[in-house]
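Undergrad: Next comes data.json, JSON, C-alpha atoms:
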[["chain", "number", "residue", "atom", "x", "y", "z"],
["A", 1, "MET", "CA", 61.18, 127.18, 115.60],
["A", 2, "LYS", "CA", 63.84, 124.57, 114.84],
["A", 3, "ASN", "CA", 66.10, 127.28, 113.41],
["A", 4, "VAL", "CA", 65.78, 129.36, 116.57],
["A", 5, "ALA", "CA", 66.58, 126.35, 118.75],
["A", 6, "LEU", "CA", 69.59, 125.51, 116.57],
["A", 7, "LEU", "CA", 70.85, 129.09, 116.77],
["A", 8, "VAL", "CA", 70.52, 129.12, 120.58],
["A", 9, "LEU", "CA", 72.35, 125.80, 120.79],
["A", 10, "CYS", "CA", 75.18, 127.06, 118.56],
["A", 11, "LEU", "CA", 75.58, 130.25, 120.57],
["A", 12, "ALA", "CA", 75.57, 128.32, 123.84],
["A", 13, "THR", "CA", 78.38, 126.02, 122.65],
["A", 14, "THR", "CA", 80.53, 128.77, 121.10],
["A", 15, "PRO", "CA", 83.55, 129.44, 123.33],
["A", 16, "VAL", "CA", 83.39, 132.94, 124.74],
["A", 17, "SER", "CA", 86.52, 134.56, 126.09],
["A", 18, "ALA", "CA", 85.96, 136.48, 129.25],
["A", 19, "TYR", "CA", 88.52, 139.15, 128.47],
["A", 20, "GLU", "CA", 88.99, 140.86, 125.12],
["A", 21, "ILE", "CA", 90.30, 144.21, 123.97],
["A", 22, "ASN", "CA", 88.92, 145.64, 120.71],
["A", 23, "GLY", "CA", 88.07, 142.16, 119.43],
["A", 24, "VAL", "CA", 91.36, 140.54, 120.49],
["A", 25, "ALA", "CA", 90.85, 137.84, 123.13],
["A", 26, "LEU", "CA", 92.97, 135.46, 125.14],
["A", 27, "GLY", "CA", 93.52, 132.34, 123.05],
["A", 28, "GLY", "CA", 93.32, 134.36, 119.81],
["A", 29, "ARG", "CA", 95.94, 134.38, 117.05],
["A", 30, "GLU", "CA", 98.50, 136.86, 115.72],
["A", 31, "ALA", "CA", 96.25, 137.48, 112.70],
["A", 32, "ASP", "CA", 93.56, 138.74, 115.12],
["A", 33, "VAL", "CA", 96.02, 141.26, 116.55],
["A", 34, "GLN", "CA", 97.13, 142.41, 113.08],
["A", 35, "LYS", "CA", 93.48, 142.86, 112.03],
["A", 36, "ALA", "CA", 92.48, 144.83, 115.14],
["A", 37, "PHE", "CA", 95.74, 146.80, 115.40],
["A", 38, "PRO", "CA", 97.20, 147.16, 111.87],
["A", 39, "SER", "CA", 100.22, 149.14, 113.09],
["A", 40, "ALA", "CA", 101.24, 146.44, 115.59],
["A", 41, "ARG", "CA", 104.82, 145.22, 115.22],
["A", 42, "CYS", "CA", 105.27, 141.51, 115.94],
["A", 43, "LYS", "CA", 108.56, 139.78, 116.68],
["A", 44, "PRO", "CA", 110.07, 136.87, 118.61],
["A", 45, "LEU", "CA", 110.45, 137.42, 122.34],
["A", 46, "GLU", "CA", 113.91, 138.81, 123.17],
["A", 47, "TRP", "CA", 114.44, 136.48, 126.13],
["A", 48, "LYS", "CA", 113.77, 132.79, 126.80],
["A", 49, "SER", "CA", 110.52, 132.18, 128.67],
["A", 50, "ASP", "CA", 108.13, 129.29, 129.24],
["A", 51, "ALA", "CA", 105.24, 131.79, 129.18],
["A", 52, "ALA", "CA", 105.67, 133.26, 125.69],
["A", 53, "ASP", "CA", 107.70, 133.01, 122.49],
["A", 54, "ARG", "CA", 106.41, 136.02, 120.49],
["A", 55, "ARG", "CA", 105.04, 139.49, 121.14],
["A", 56, "CYS", "CA", 103.23, 142.25, 119.26],
["A", 57, "ASP", "CA", 103.44, 145.91, 120.29],
["A", 58, "ASP", "CA", 101.25, 148.79, 119.21],
["A", 59, "ALA", "CA", 101.89, 152.38, 120.15],
["A", 60, "ARG", "CA", 98.33, 153.66, 120.08],
["A", 61, "ILE", "CA", 95.00, 151.95, 120.61],
["A", 62, "SER", "CA", 91.73, 153.11, 122.13],
["A", 63, "LEU", "CA", 90.37, 151.57, 125.31],
["A", 64, "GLY", "CA", 87.02, 153.02, 126.30],
["A", 65, "GLY", "CA", 87.95, 156.28, 124.58],
["A", 66, "ALA", "CA", 91.31, 156.49, 126.36],
["A", 67, "GLU", "CA", 94.55, 156.26, 124.41],
["A", 68, "ALA", "CA", 96.60, 153.23, 125.44],
["A", 69, "ARG", "CA", 99.63, 151.20, 124.40],
["A", 70, "ILE", "CA", 99.36, 147.42, 124.15],
["A", 71, "THR", "CA", 101.73, 144.46, 124.18],
["A", 72, "VAL", "CA", 100.31, 141.05, 123.28],
["A", 73, "PHE", "CA", 102.24, 137.88, 124.22],
["A", 74, "PHE", "CA", 101.93, 134.54, 122.36],
["A", 75, "LYS", "CA", 102.92, 130.97, 123.12],
["A", 76, "GLY", "CA", 102.45, 128.32, 120.44],
["A", 77, "GLY", "CA", 100.59, 130.83, 118.28],
["A", 78, "ALA", "CA", 97.90, 131.59, 120.89],
["A", 79, "ILE", "CA", 97.52, 134.79, 122.91],
["A", 80, "GLN", "CA", 98.56, 134.17, 126.52],
["A", 81, "ALA", "CA", 98.52, 137.74, 127.84],
["A", 82, "MET", "CA", 97.95, 141.40, 127.02],
["A", 83, "ASP", "CA", 99.53, 144.33, 128.83],
["A", 84, "LEU", "CA", 97.98, 147.78, 128.36],
["A", 85, "ARG", "CA", 99.41, 151.05, 129.63],
["A", 86, "PHE", "CA", 97.44, 154.29, 129.71],
["A", 87, "ASN", "CA", 97.46, 157.70, 131.35],
["A", 88, "GLY", "CA", 96.16, 157.68, 134.93],
["A", 89, "LYS", "CA", 93.96, 160.69, 134.18],
["A", 90, "ASP", "CA", 91.81, 158.33, 132.09],
["A", 91, "LEU", "CA", 91.34, 155.85, 134.96],
["A", 92, "GLU", "CA", 87.62, 156.55, 135.49],
["A", 93, "ARG", "CA", 86.87, 156.25, 131.77],
["A", 94, "VAL", "CA", 88.73, 152.91, 131.55],
["A", 95, "LYS", "CA", 87.07, 151.58, 134.73],
["A", 96, "ASP", "CA", 83.64, 152.37, 133.29],
["A", 97, "ALA", "CA", 84.50, 150.71, 129.96],
["A", 98, "LEU", "CA", 85.75, 147.55, 131.68],
["A", 99, "ARG", "CA", 82.71, 147.32, 133.95],
["A", 100, "THR", "CA", 80.51, 147.58, 130.86],
["A", 101, "ARG", "CA", 82.47, 144.85, 129.02],
["A", 102, "TRP", "CA", 83.20, 142.43, 131.85],
["A", 103, "GLY", "CA", 80.70, 143.27, 134.60],
["A", 104, "ALA", "CA", 81.48, 143.92, 138.23],
["A", 105, "PRO", "CA", 85.00, 142.96, 139.32],
["A", 106, "GLN", "CA", 85.58, 140.22, 141.92],
["A", 107, "ALA", "CA", 87.70, 142.67, 143.91],
["A", 108, "GLU", "CA", 88.15, 146.43, 143.96],
["A", 109, "ALA", "CA", 90.19, 148.34, 146.51],
["A", 110, "THR", "CA", 92.60, 151.18, 147.15],
["A", 111, "GLU", "CA", 95.60, 150.12, 149.20],
["A", 112, "ILE", "CA", 97.73, 152.57, 151.14],
["A", 113, "PHE", "CA", 101.42, 151.71, 151.46],
["A", 114, "ALA", "CA", 103.15, 153.58, 154.25],
["A", 115, "ALA", "CA", 106.60, 154.97, 153.52],
["A", 116, "LYS", "CA", 109.04, 155.91, 156.24],
["A", 117, "ASP", "CA", 110.71, 158.95, 154.71],
["A", 118, "ARG", "CA", 108.31, 159.73, 151.86],
["A", 119, "LYS", "CA", 104.68, 160.32, 151.15],
["A", 120, "ASP", "CA", 102.42, 157.22, 151.46],
["A", 121, "ARG", "CA", 101.48, 155.54, 148.18],
["A", 122, "SER", "CA", 97.87, 154.86, 147.20],
["A", 123, "VAL", "CA", 97.36, 152.02, 144.71],
["A", 124, "TYR", "CA", 93.95, 151.37, 143.18],
["A", 125, "LYS", "CA", 93.20, 147.84, 141.91],
["A", 126, "MET", "CA", 90.33, 146.04, 140.20],
["A", 127, "ARG", "CA", 90.44, 142.28, 139.53],
["A", 128, "TRP", "CA", 88.33, 139.98, 137.38],
["A", 129, "GLU", "CA", 88.80, 136.20, 137.20],
["A", 130, "LYS", "CA", 87.16, 133.46, 135.16],
["A", 131, "GLY", "CA", 88.77, 130.04, 135.42],
["A", 132, "ALA", "CA", 92.48, 130.37, 134.62],
["A", 133, "ASP", "CA", 91.98, 133.79, 132.97],
["A", 134, "ARG", "CA", 92.39, 137.00, 134.92],
["A", 135, "ALA", "CA", 92.47, 140.75, 134.40],
["A", 136, "VAL", "CA", 93.98, 143.24, 136.84],
["A", 137, "LEU", "CA", 93.68, 147.01, 136.52],
["A", 138, "SER", "CA", 96.10, 148.91, 138.74],
["A", 139, "ALA", "CA", 97.05, 152.54, 139.15],
["A", 140, "GLN", "CA", 99.32, 154.28, 141.60],
["A", 141, "LEU", "CA", 97.05, 157.26, 142.18],
["A", 142, "ASP", "CA", 99.78, 159.90, 142.39],
["A", 143, "LYS", "CA", 101.58, 158.68, 139.24],
["A", 144, "LYS", "CA", 100.89, 159.27, 135.56],
["A", 145, "ARG", "CA", 100.67, 155.68, 134.28],
["A", 146, "ALA", "CA", 98.08, 152.98, 134.91],
["A", 147, "THR", "CA", 98.10, 149.38, 133.65],
["A", 148, "LEU", "CA", 95.71, 146.63, 132.69],
["A", 149, "GLU", "CA", 97.18, 143.14, 132.67],
["A", 150, "ILE", "CA", 95.13, 140.33, 131.14],
["A", 151, "SER", "CA", 96.59, 136.84, 131.32],
["A", 152, "ARG", "CA", 95.99, 133.12, 131.27],
["A", 153, "GLY", "CA", 97.38, 130.49, 133.63],
["A", 154, "LYS", "CA", 100.70, 131.20, 135.34],
["A", 155, "PHE", "CA", 101.79, 133.82, 132.82],
["A", 156, "PRO", "CA", 102.57, 136.57, 135.39],
["A", 157, "ASP", "CA", 104.82, 134.21, 137.35],
["A", 158, "GLU", "CA", 106.62, 132.77, 134.32],
["A", 159, "ILE", "CA", 107.16, 135.62, 131.86],
["A", 160, "TYR", "CA", 110.25, 137.17, 133.46],
["A", 161, "ARG", "CA", 111.54, 134.09, 135.27],
["A", 162, "VAL", "CA", 115.24, 133.68, 134.53],
["A", 163, "ARG", "CA", 115.99, 130.48, 132.58]]
Here is the file; what I need is its structure written in the form of structure tokens.
TA:
Amino acid sequence: MKNVALLVLCLATTPVSAYEINGVALGGREADVQKAFPSARCKPLEWKSDAADRRCDDARISLGGAEARITVFFKGGAIQAMDLRFNGKDLERVKDALRTRWGAPQAEATEIFAAKDRKDRSVYKMRWEKGADRAVLSAQLDKKRATLEISRGKFPDEIYRVR
């Protein structure tokens, strides 16, 4: 009985990342990326940013059975963000996989953006948040590519800010 109680206590105190892709989670290390995605190419970031100093790119990973491309951003050796791109035809498959992994999103909507001289744009979005971590799935429904952006803190605001 003491062993069971100790195990429960250990599991309760183990930090659990809300958002992970194929075993790679926010706060993880470059070694985690290399283990999960052996063909990933890692290098210093090409521009100066307060949000990241390194990145790893992989051409092909699987996300819920859909082929995707991933970029992982690091600051101080820890994963700060992941950016996944996949074909919009796999949107339903990816949505189902994310719901299974992360539960129901905090927000889910399709927004219509009116255009004066062109066809209106429909953009589908799902958003999960846990503390400073967030994940946003977005797809312009009439386009080929969809994205999943997972980040920590102010990463989306800081990554491309000109220094």
Undergrad: Which neighbours of Glu20 (chain A) fall inside 12 Å, counting all atoms listed in the file, when residues of the same chain fewer than 4 positions from it are skipped, and could you give them as a list in words?
TA: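 So the residues in contact are Val16, Val24, Ala25, Leu26, Gly27, Gly28, Asp32, Val33, Ala36, Leu63, Val72, Ile79, Gln80, Ala81, Met82, Asp83, Leu84, Ala97, Leu98, Arg101, Trp102, Asp133, Arg134, Ala135, Leu148, Glu149, Ile150 and Ser151 of chain A.
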Undergrad: Name the residues in contact with Tyr124 (chain A) at a cut-off of 7 Å, using only C-alpha atoms, excluding same-chain residues fewer than 6 positions from it; report them as a PDB file with C-alpha atoms, in the coordinates of the input.
TA:
ATOM      1  CA  ALA A 109      90.190 148.340 146.510  1.00  0.00           C
ATOM      2  CA  THR A 110      92.600 151.180 147.150  1.00  0.00           C
ATOM      3  CA  GLU A 111      95.600 150.120 149.200  1.00  0.00           C
ATOM      4  CA  SER A 138      96.100 148.910 138.740  1.00  0.00           C
ATOM      5  CA  ALA A 139      97.050 152.540 139.150  1.00  0.00           C
ATOM      6  CA  GLN A 140      99.320 154.280 141.600  1.00  0.00           C
ATOM      7  CA  LEU A 141      97.050 157.260 142.180  1.00  0.00           C
TER       8      LEU A 141
END
Undergrad: How would you write as a PyMOL selection string the residues that get within 8 Å of (91.8, 127.7, 134.2) in the file's frame, counting all atoms listed in the file?
TA: chain A and resi 130-133+152-153
Undergrad: Name the closest residue to Lys143 (chain A) among the candidates A:Trp47, A:Phe155, A:Tyr160, A:Phe86; distances are taken between atoms, counting all atoms listed in the file.
TA: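 With all atoms listed in the file as the atom set, the closest residue is A:Phe86.
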Undergrad: Kindly give the distance, in Å, that separates CA of Asp142 (chain A) and CA of Phe113 (chain A), rounded to a single decimal.
TA: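 Atom-to-atom, CA of Asp142 (chain A) to CA of Phe113 (chain A), that is 12.3 Å.
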Undergrad: In terms of the shortest atom-to-atom distance over all atoms listed in the file, which of A:Ala114, A:Ala51, A:Ala18, A:Ala40 is closest to Arg161 (chain A)?
TA: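 Closest residue, counting all atoms listed in the file: A:Ala51.
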Undergrad: Go through A:Glu92, A:Asp120, A:Phe73, A:Ala115 and flag the residue nearest Glu46 (chain A), using all atoms listed in the file for the distances.
TA: A:Phe73
Undergrad: Could you jot down the CA of Glu129 (chain A) to CA of Glu108 (chain A) separation for me, Å, one decimal place?
TA: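 Between these atoms lies a distance of 12.3 Å.
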Undergrad: Would you compute the distance between CA of Lys116 (chain A) and CA of Lys144 (chain A)? Give it in Å to one decimal.
TA: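 Answer for the CA of Lys116 (chain A) to CA of Lys144 (chain A) separation: 22.5 Å.
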Undergrad: Please list, as an mmCIF file with C-alpha atoms, in the coordinates of the input, the residues that have an atom at most 8 Å away from (100.2, 152.3, 131.0) in the coordinates of this file, counting only C-alpha atoms.
TA:
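To be explicit, this is the file written out as part.cif:
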data_model
loop_
_atom_site.group_PDB
_atom_site.id
_atom_site.type_symbol
_atom_site.label_atom_id
_atom_site.label_comp_id
_atom_site.auth_asym_id
_atom_site.auth_seq_id
_atom_site.Cartn_x
_atom_site.Cartn_y
_atom_site.Cartn_z
ATOM 1 C CA ALA A 68 96.600 153.230 125.440
ATOM 2 C CA ARG A 69 99.630 151.200 124.400
ATOM 3 C CA LEU A 84 97.980 147.780 128.360
ATOM 4 C CA ARG A 85 99.410 151.050 129.630
ATOM 5 C CA PHE A 86 97.440 154.290 129.710
ATOM 6 C CA ASN A 87 97.460 157.700 131.350
ATOM 7 C CA GLY A 88 96.160 157.680 134.930
ATOM 8 C CA ARG A 145 100.670 155.680 134.280
ATOM 9 C CA ALA A 146 98.080 152.980 134.910
ATOM 10 C CA THR A 147 98.100 149.380 133.650
ATOM 11 C CA LEU A 148 95.710 146.630 132.690
#
Undergrad: Just want the 8 Å neighbourhood of Arg55 (chain A), counted on all atoms listed in the file, with same-chain residues fewer than 4 positions away dropped. Output as a list in words.
TA: Cys42, Lys43, Pro44, Leu45, Thr71, Val72, Phe73 and Phe74 of chain A
Undergrad: Show me, as a compact mmCIF listing (two decimals) with C-alpha atoms, in the coordinates of the input, the residues that have an atom within 9 Å of Ile61 (chain A) when counting all atoms listed in the file, minus same-chain residues fewer than 4 positions from it.
TA:
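Output (part.txt):
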# COMPACT_ATOMS: atom_id res chain seq x y z
CA ASN A 22 88.92 145.64 120.71
CA PHE A 37 95.74 146.80 115.40
CA ALA A 66 91.31 156.49 126.36
CA GLU A 67 94.55 156.26 124.41
CA ALA A 68 96.60 153.23 125.44
CA ARG A 69 99.63 151.20 124.40
CA ILE A 70 99.36 147.42 124.15
Undergrad: Name all residues at most 8 Å from Glu158 (chain A) (count all atoms listed in the file; drop same-chain ones fewer than 4 positions away) and give them as a PDB file with C-alpha atoms, in the frame of the given file.
TA:
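The result, written out as result04.pdb:
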ATOM      1  CA  SER A  49     110.520 132.180 128.670  1.00  0.00           C
ATOM      2  CA  ASP A  50     108.130 129.290 129.240  1.00  0.00           C
ATOM      3  CA  ALA A  51     105.240 131.790 129.180  1.00  0.00           C
ATOM      4  CA  LYS A 154     100.700 131.200 135.340  1.00  0.00           C
TER       5      LYS A 154
END
Undergrad: Choose the residue, out of A:Ala59, A:Arg41, A:Lys119, A:Ile21, that has the smallest atom-to-atom separation from Val94 (chain A); count only C-alpha atoms.
TA: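 Of A:Ala59, A:Arg41, A:Lys119, A:Ile21, the one nearest Val94 (chain A) is A:Ile21, counting only C-alpha atoms.
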